[in-house]
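These notes concern the structure reproduced below.
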Amino acid sequence: MLAIDSPVLATPYLDTLNPAQRRAVTHGVGSERPAPLLVIAGAGSGKTNTLAHRVAHLIVTGADPRRILLMTFSRRAAAEMTRRVERIARKVMGEGASVMIDALRWAGTFHGLGARLLRDYADQIGLDPAFTIHDREDAADLMNLVRHELGFSKTQTRFPAKGTCLAIYSRCVNAQTPIETVLTRSFPWCVAWAAELRELFAGYVEAKQRQNVLDYDDLLLYWAQTMCDPDLAADIGARFDHVLIDEYQDTNRLQSSILLALKPDGHGLTVVGDDAQSIYAFRAATIRNILDFPAAFSPPAEIITLDQNYRSTQAILGAANAVIDLASERFTKNLWTDRATGALPQLVNVRDEADQARFIAGRVLENREAGATLKQQAVLFRASHHSGPLEIELTRRNIPFVKFGGLKFLDAAHVKDLLALLRFVENPRDRVAGFRLMQLLPGVGPTSAQRVLDHIAAATDPMEALTSAPPPPRAGDEWTAFLGAVEELRSGRAGWPAEIERARLWYEPHLERIHEDATTRQADLVQLEQIAGGYPSRERFLTELTLDPPDATSDQAGVPLLDEDYLILSTIHSAKGQEWKSVFVMNVVDGCIPSDLGVGSSDEIEEERRLLYVAMTRAKDDLHLMVPQRFFTHGQSATGDRHVYAARTRFIPNALLGLFERTAWPLAAPEPARSASQGPRIDIRAQMRGMWR
Ligand SMILES: Nc1ncnc2c1ncn2[C@@H]1O[C@H](COP(=O)(O)OP(=O)(O)OP(=O)(O)O)[C@@H](O)[C@H]1O
């Protein structure tokens, strides 16, 4: 039972906070109607720490954890936040803290919490609560199917590809912007297709509804629509006394509309963010959410600024501040630190990407010799594929690494196959899952799979339709085995998570038939089974995993054991919120940062600048920005020498060079001394003059 009405008042943990952090933590605590609060927190200023303290403080002073809604950017961040809250609360509540933290059930991502609320309110909004969720790839597949059905894949001039169609759709939904505006602003080469795209999106929405699937965007869209009904909005809002949101700079208009509908007068609302770290505009996040937050309420929200940086040395912070100072629009806050100055960040010129990889690998090992573990060091890059040559070098030198961002564990075909089975069992109307699954059977192609799926779509009882459908002509016994597996899993006899083993046993013979490297892939499936053990039900497992997939892949280096030491490789986006003793940023050149793809508009350029800022502010003690001079172009033989020259990023103009130490690697061999007695062999200057006389 929760002892929520016996507040514990000793709060020694507040002593560890600075005055601004303390004000943010204690703001409105104890008041019936705490006024809205905006915490503008600079990089490394203890944003996460402050939010965790605020949640702990609310709980310690008597707030009911079941009535706290805590939204973070990723599931990983939510788990980390909950751990911190527990650690703080434990200081005054002892063992009792665990019970309170277990009751903090509404901590997660916007999408994850949205999915839970939608299931709770499904019958009131005309939704079947057994809906399954499509990840981006499934959504693109379904979009493709509809595109094909409407005949757009056969147009004379090329119709936008499935990924582009989905990106346009997603942008319209998340930014709440008409298709014409989205096309003109962000996809000008597709403007001529506006009418067809509108028809495609209508078809896509109908297909999702027929199949009882929601995509990522729907989770926010349906939630926002639910909040348009005053009674439902009041009911959902009344479930929570406190609503706290981290990383507010990366939310989009839909998310802010949900928030304002939850707490229209702002009471109990806390948002935390840093406009200088807003890096998700490509997902329709808008910096306006944070800039406009105070004025959304009357009286306006209180603003507390955290400007003391606890992470980086003075030298690193000085360089990062100078980079962001050149940004065109931002909340001005001058970050300061009382940490020692430290060494200047280094701008390292290397000949090419191979030298870049050699330099980083060498330095990482040197740092290890000097006492830093591999885990205290990270290599960051703008795009996932930038790390290719480095991964090869690390493998060659036996340096274990884990890569975040880019290819996800769940994108592997065999993992998707197994999940498709579970999804189909959960929701037999899920056409993308069914289509994938049936084609695993020998003798079943797209046509016969479609036929069965059409049969299911037309029936009121999809399971009955599946078992009574005429079997695909060439599937034989495999079809019976497939039906047996689906039926058994759906009956729930094996129980969760044991049923995932049953699913794997059905899948394994197919895996062996389809993939030559079946043994390696089997290991992933076993890992998936272990992950499944951490979830209470099949539905929660599928939902959570789809929304926030684990993203560590570690190529040839093999998956490191958890207690082993390994170097962190990460895209800058995935490095958000993290910190390391040493940080290497790769390819700090125009074309990579800013990316070639990100230079369309001045807003995009500004976002690229913030990306570099985010990367630089991850470093505590030392920072290397790598500047390769040339890049080999793709599409040539291994010995080909076609390359392009690159220039240092425009975000570090000459005026900022004094804030860096500039080095070149490898050091050039010293030139042989010239003998002083020899005069010039030829007088070129005279020859030049002579050309014109
Ligand atoms: N009051 C404090 N005293 C000492 N150290 C602190 C204090 N507040 C935060 N820190 C330390 O500062 C570092 C940065 O904190 P945190 O990760 O919470 O920052 P952040 O604002 O979330 O960073 P970013 O937005 O850049 O990801 C951490 O190592 C944290 O332990």
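Every chain in the structure tokens has a letter given in the order shown (A, B, ...), and although residue numbers restart at 1 in each chain, ligands are simply numbered from 1 in the order shown.
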DSSP alpha helix (DSSP H) residues within region 162-213 of chain A, listed as a PyMOL selection string: chain A and resi 162-175+179-186+194-211
Output C-alpha atoms for every residue in that selection, as a PDB file, in the first residue's frame.
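This is the output file result-v3.pdb:
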```pdb
ATOM      1  CA  LYS A 162       7.557   4.815 -50.528  1.00  0.00           C
ATOM      2  CA  GLY A 163       9.975   6.318 -47.970  1.00  0.00           C
ATOM      3  CA  THR A 164       9.432   9.819 -49.362  1.00  0.00           C
ATOM      4  CA  CYS A 165       5.655   9.366 -49.355  1.00  0.00           C
ATOM      5  CA  LEU A 166       5.773   8.314 -45.711  1.00  0.00           C
ATOM      6  CA  ALA A 167       8.049  11.229 -44.804  1.00  0.00           C
ATOM      7  CA  ILE A 168       5.648  13.687 -46.440  1.00  0.00           C
ATOM      8  CA  TYR A 169       2.660  12.097 -44.719  1.00  0.00           C
ATOM      9  CA  SER A 170       4.412  12.128 -41.370  1.00  0.00           C
ATOM     10  CA  ARG A 171       5.441  15.754 -41.747  1.00  0.00           C
ATOM     11  CA  CYS A 172       1.862  16.828 -42.558  1.00  0.00           C
ATOM     12  CA  VAL A 173       0.523  14.976 -39.532  1.00  0.00           C
ATOM     13  CA  ASN A 174       3.150  15.986 -36.985  1.00  0.00           C
ATOM     14  CA  ALA A 175       3.511  19.591 -38.037  1.00  0.00           C
ATOM     15  CA  ILE A 179       0.198  19.009 -47.770  1.00  0.00           C
ATOM     16  CA  GLU A 180       0.768  21.873 -50.230  1.00  0.00           C
ATOM     17  CA  THR A 181       2.808  23.808 -47.676  1.00  0.00           C
ATOM     18  CA  VAL A 182       4.840  20.755 -46.677  1.00  0.00           C
ATOM     19  CA  LEU A 183       5.618  20.001 -50.318  1.00  0.00           C
ATOM     20  CA  THR A 184       6.637  23.549 -51.176  1.00  0.00           C
ATOM     21  CA  ARG A 185       8.797  23.932 -48.073  1.00  0.00           C
ATOM     22  CA  SER A 186      10.430  20.557 -47.724  1.00  0.00           C
ATOM     23  CA  ALA A 194      -0.047  16.906 -54.508  1.00  0.00           C
ATOM     24  CA  ALA A 195      -3.400  15.514 -55.687  1.00  0.00           C
ATOM     25  CA  GLU A 196      -2.104  11.943 -56.054  1.00  0.00           C
ATOM     26  CA  LEU A 197      -0.373  12.085 -52.691  1.00  0.00           C
ATOM     27  CA  ARG A 198      -3.593  13.217 -51.052  1.00  0.00           C
ATOM     28  CA  GLU A 199      -5.386  10.234 -52.602  1.00  0.00           C
ATOM     29  CA  LEU A 200      -2.579   7.923 -51.524  1.00  0.00           C
ATOM     30  CA  PHE A 201      -2.733   9.160 -47.928  1.00  0.00           C
ATOM     31  CA  ALA A 202      -6.504   8.701 -47.853  1.00  0.00           C
ATOM     32  CA  GLY A 203      -5.996   5.119 -49.057  1.00  0.00           C
ATOM     33  CA  TYR A 204      -3.229   4.560 -46.536  1.00  0.00           C
ATOM     34  CA  VAL A 205      -5.412   5.720 -43.642  1.00  0.00           C
ATOM     35  CA  GLU A 206      -8.256   3.445 -44.763  1.00  0.00           C
ATOM     36  CA  ALA A 207      -5.904   0.481 -45.080  1.00  0.00           C
ATOM     37  CA  LYS A 208      -4.582   1.031 -41.551  1.00  0.00           C
ATOM     38  CA  GLN A 209      -8.106   1.171 -40.179  1.00  0.00           C
ATOM     39  CA  ARG A 210      -9.188  -1.990 -41.990  1.00  0.00           C
ATOM     40  CA  GLN A 211      -6.197  -3.822 -40.579  1.00  0.00           C
TER      41      GLN A 211
END
```
DSSP strand (DSSP E or B) residues within region 189-351 of chain A, as a PyMOL selection string: chain A and resi 213-215+242-245+252+269-273+285+302-306+308+336+346-351
With N, CA and C atoms retained, write the just-selected residues as a PDB file, in the first residue's frame.
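File produced: selection-v1.pdb:
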```pdb
ATOM      1  N   VAL A 213      -4.304  -1.392 -37.463  1.00  0.00           N
ATOM      2  CA  VAL A 213      -2.929  -1.044 -37.087  1.00  0.00           C
ATOM      3  C   VAL A 213      -2.818   0.485 -36.963  1.00  0.00           C
ATOM      4  N   LEU A 214      -1.921   0.896 -36.096  1.00  0.00           N
ATOM      5  CA  LEU A 214      -1.608   2.314 -35.979  1.00  0.00           C
ATOM      6  C   LEU A 214      -0.134   2.477 -36.289  1.00  0.00           C
ATOM      7  N   ASP A 215       0.242   3.578 -36.930  1.00  0.00           N
ATOM      8  CA  ASP A 215       1.673   3.836 -37.085  1.00  0.00           C
ATOM      9  C   ASP A 215       2.105   4.816 -35.992  1.00  0.00           C
ATOM     10  N   HIS A 242       0.609  15.988 -11.692  1.00  0.00           N
ATOM     11  CA  HIS A 242       1.834  16.612 -12.184  1.00  0.00           C
ATOM     12  C   HIS A 242       2.192  16.010 -13.535  1.00  0.00           C
ATOM     13  N   VAL A 243       2.486  16.873 -14.484  1.00  0.00           N
ATOM     14  CA  VAL A 243       2.906  16.419 -15.807  1.00  0.00           C
ATOM     15  C   VAL A 243       4.262  17.058 -16.076  1.00  0.00           C
ATOM     16  N   LEU A 244       5.283  16.213 -16.273  1.00  0.00           N
ATOM     17  CA  LEU A 244       6.638  16.746 -16.475  1.00  0.00           C
ATOM     18  C   LEU A 244       7.190  16.241 -17.799  1.00  0.00           C
ATOM     19  N   ILE A 245       7.769  17.129 -18.565  1.00  0.00           N
ATOM     20  CA  ILE A 245       8.303  16.729 -19.880  1.00  0.00           C
ATOM     21  C   ILE A 245       9.747  17.161 -20.020  1.00  0.00           C
ATOM     22  N   ASN A 252       6.951  18.190 -31.080  1.00  0.00           N
ATOM     23  CA  ASN A 252       6.328  18.845 -32.231  1.00  0.00           C
ATOM     24  C   ASN A 252       4.979  19.451 -31.837  1.00  0.00           C
ATOM     25  N   LEU A 269       2.195  21.684 -14.513  1.00  0.00           N
ATOM     26  CA  LEU A 269       2.983  21.385 -15.718  1.00  0.00           C
ATOM     27  C   LEU A 269       4.430  21.864 -15.566  1.00  0.00           C
ATOM     28  N   THR A 270       5.385  20.994 -15.860  1.00  0.00           N
ATOM     29  CA  THR A 270       6.796  21.397 -15.855  1.00  0.00           C
ATOM     30  C   THR A 270       7.421  20.950 -17.166  1.00  0.00           C
ATOM     31  N   VAL A 271       7.997  21.863 -17.917  1.00  0.00           N
ATOM     32  CA  VAL A 271       8.731  21.425 -19.106  1.00  0.00           C
ATOM     33  C   VAL A 271      10.180  21.882 -18.997  1.00  0.00           C
ATOM     34  N   VAL A 272      11.060  21.021 -19.469  1.00  0.00           N
ATOM     35  CA  VAL A 272      12.490  21.286 -19.369  1.00  0.00           C
ATOM     36  C   VAL A 272      13.092  21.142 -20.746  1.00  0.00           C
ATOM     37  N   GLY A 273      13.967  22.048 -21.117  1.00  0.00           N
ATOM     38  CA  GLY A 273      14.581  21.885 -22.432  1.00  0.00           C
ATOM     39  C   GLY A 273      15.675  22.898 -22.677  1.00  0.00           C
ATOM     40  N   ALA A 285       9.784  18.530 -35.194  1.00  0.00           N
ATOM     41  CA  ALA A 285       9.880  19.189 -33.890  1.00  0.00           C
ATOM     42  C   ALA A 285       9.980  20.682 -34.156  1.00  0.00           C
ATOM     43  N   GLU A 302       6.430  30.446 -15.092  1.00  0.00           N
ATOM     44  CA  GLU A 302       7.692  30.939 -14.529  1.00  0.00           C
ATOM     45  C   GLU A 302       8.846  30.317 -15.334  1.00  0.00           C
ATOM     46  N   ILE A 303       9.905  31.120 -15.536  1.00  0.00           N
ATOM     47  CA  ILE A 303      11.067  30.592 -16.269  1.00  0.00           C
ATOM     48  C   ILE A 303      12.252  30.542 -15.320  1.00  0.00           C
ATOM     49  N   ILE A 304      12.882  29.402 -15.228  1.00  0.00           N
ATOM     50  CA  ILE A 304      14.111  29.295 -14.437  1.00  0.00           C
ATOM     51  C   ILE A 304      15.227  28.847 -15.382  1.00  0.00           C
ATOM     52  N   THR A 305      16.334  29.562 -15.352  1.00  0.00           N
ATOM     53  CA  THR A 305      17.432  29.224 -16.263  1.00  0.00           C
ATOM     54  C   THR A 305      18.572  28.564 -15.498  1.00  0.00           C
ATOM     55  N   LEU A 306      19.021  27.414 -16.014  1.00  0.00           N
ATOM     56  CA  LEU A 306      20.189  26.755 -15.416  1.00  0.00           C
ATOM     57  C   LEU A 306      21.373  27.044 -16.336  1.00  0.00           C
ATOM     58  N   GLN A 308      24.848  27.008 -15.142  1.00  0.00           N
ATOM     59  CA  GLN A 308      26.170  26.532 -14.708  1.00  0.00           C
ATOM     60  C   GLN A 308      26.402  25.149 -15.292  1.00  0.00           C
ATOM     61  N   TRP A 336      28.511  28.828 -17.967  1.00  0.00           N
ATOM     62  CA  TRP A 336      29.813  29.007 -17.336  1.00  0.00           C
ATOM     63  C   TRP A 336      30.119  27.776 -16.496  1.00  0.00           C
ATOM     64  N   GLN A 346      41.012  20.007 -29.663  1.00  0.00           N
ATOM     65  CA  GLN A 346      41.925  19.896 -30.805  1.00  0.00           C
ATOM     66  C   GLN A 346      41.181  19.795 -32.125  1.00  0.00           C
ATOM     67  N   LEU A 347      41.688  20.530 -33.103  1.00  0.00           N
ATOM     68  CA  LEU A 347      41.211  20.380 -34.482  1.00  0.00           C
ATOM     69  C   LEU A 347      42.307  19.603 -35.187  1.00  0.00           C
ATOM     70  N   VAL A 348      42.012  18.360 -35.542  1.00  0.00           N
ATOM     71  CA  VAL A 348      43.075  17.514 -36.081  1.00  0.00           C
ATOM     72  C   VAL A 348      42.913  17.329 -37.584  1.00  0.00           C
ATOM     73  N   ASN A 349      43.858  17.824 -38.346  1.00  0.00           N
ATOM     74  CA  ASN A 349      43.841  17.604 -39.793  1.00  0.00           C
ATOM     75  C   ASN A 349      44.449  16.253 -40.110  1.00  0.00           C
ATOM     76  N   VAL A 350      43.709  15.436 -40.841  1.00  0.00           N
ATOM     77  CA  VAL A 350      44.276  14.161 -41.300  1.00  0.00           C
ATOM     78  C   VAL A 350      44.068  14.082 -42.804  1.00  0.00           C
ATOM     79  N   ARG A 351      44.837  13.197 -43.444  1.00  0.00           N
ATOM     80  CA  ARG A 351      44.795  13.161 -44.902  1.00  0.00           C
ATOM     81  C   ARG A 351      43.438  12.674 -45.410  1.00  0.00           C
TER      82      ARG A 351
END
```
Per residue of chain A within 8 Å of ligand 1, note the shortest atom pair and the distance in Å to one decimal, counting only C-alpha atoms and all ligand atoms, and order the rows by chain and increasing residue number, as CSV.
```
residue,atom,partner,partner_atom_place_in_ligand_line,distance
A:Thr16,CA,ligand 1,1 (N),5.4
A:Leu17,CA,ligand 1,1 (N),3.9
A:Asn18,CA,ligand 1,1 (N),5.0
A:Gln21,CA,ligand 1,1 (N),7.1
A:Ala41,CA,ligand 1,21 (O),5.9
A:Gly42,CA,ligand 1,21 (O),6.0
A:Ala43,CA,ligand 1,26 (O),3.2
A:Gly44,CA,ligand 1,23 (O),3.5
A:Ser45,CA,ligand 1,21 (O),4.1
A:Gly46,CA,ligand 1,18 (O),3.3
A:Lys47,CA,ligand 1,21 (O),3.5
A:Thr48,CA,ligand 1,18 (O),3.7
A:Asn49,CA,ligand 1,18 (O),4.0
A:Thr50,CA,ligand 1,18 (O),6.6
A:Gly273,CA,ligand 1,25 (O),7.6
A:Asp274,CA,ligand 1,25 (O),6.9
A:Gln277,CA,ligand 1,25 (O),7.5
A:Asn309,CA,ligand 1,12 (O),6.7
A:Tyr310,CA,ligand 1,12 (O),4.1
A:Arg311,CA,ligand 1,13 (C),4.8
A:Lys576,CA,ligand 1,27 (O),5.9
A:Gly577,CA,ligand 1,27 (O),3.2
A:Gln578,CA,ligand 1,27 (O),5.5
A:Glu579,CA,ligand 1,17 (O),7.1
A:Val614,CA,ligand 1,26 (O),7.1
A:Thr617,CA,ligand 1,26 (O),6.3
A:Arg618,CA,ligand 1,26 (O),6.5
```
Distance of CA of Val627 (chain A) from CA of Arg662 (chain A), expressed in Å to one decimal place: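 Atom-to-atom, CA of Arg662 (chain A) and CA of Val627 (chain A) are spaced 10.3 Å apart.
What separates CA of Gln356 (chain A) from CA of Gln629 (chain A) is a distance of 9.8 Å.
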Test item: residues at most 8 Å from region 411-416 of chain A, only C-alpha atoms, excluding those fewer than 4 positions along its chain, as an MDAnalysis selection string: chainID A and resid 407 420 511 521 524:525 528
Resulting file, chosen residues, N, CA and C atoms, as a short mmCIF file (atom, residue, chain, number, x, y, z; two decimals), in the first residue's frame:
```
data_model
loop_
_atom_site.label_atom_id
_atom_site.label_comp_id
_atom_site.auth_asym_id
_atom_site.auth_seq_id
_atom_site.Cartn_x
_atom_site.Cartn_y
_atom_site.Cartn_z
N LEU A 407 21.56 1.15 -38.03
CA LEU A 407 20.84 -0.12 -38.11
C LEU A 407 20.45 -0.62 -36.73
N ALA A 420 6.97 -10.66 -36.58
CA ALA A 420 5.79 -10.66 -37.44
C ALA A 420 4.83 -11.76 -36.99
N LEU A 511 14.23 -20.50 -40.81
CA LEU A 511 15.47 -19.72 -40.72
C LEU A 511 16.62 -20.49 -41.37
N ARG A 521 22.40 -16.01 -36.63
CA ARG A 521 21.10 -15.36 -36.47
C ARG A 521 20.31 -15.96 -35.32
N ASP A 524 20.67 -14.14 -32.12
CA ASP A 524 19.83 -12.94 -31.97
C ASP A 524 18.45 -13.30 -31.44
N LEU A 525 17.95 -14.45 -31.92
CA LEU A 525 16.60 -14.83 -31.51
C LEU A 525 16.58 -15.20 -30.03
N LEU A 528 16.51 -12.09 -28.23
CA LEU A 528 15.16 -11.50 -28.26
C LEU A 528 14.29 -12.15 -27.18
#
```
Shell of 9 Å around Glu32 (chain A), only C-alpha atoms, local chain residues under 2 positions omitted, as a PyMOL selection string: chain A and resi 28-30+34+267-268
Å distance separating CA of Ala615 (chain A) from CA of Arg87 (chain A), one decimal place: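 Value for the CA of Ala615 (chain A)-CA of Arg87 (chain A) distance: 28.4 Å.
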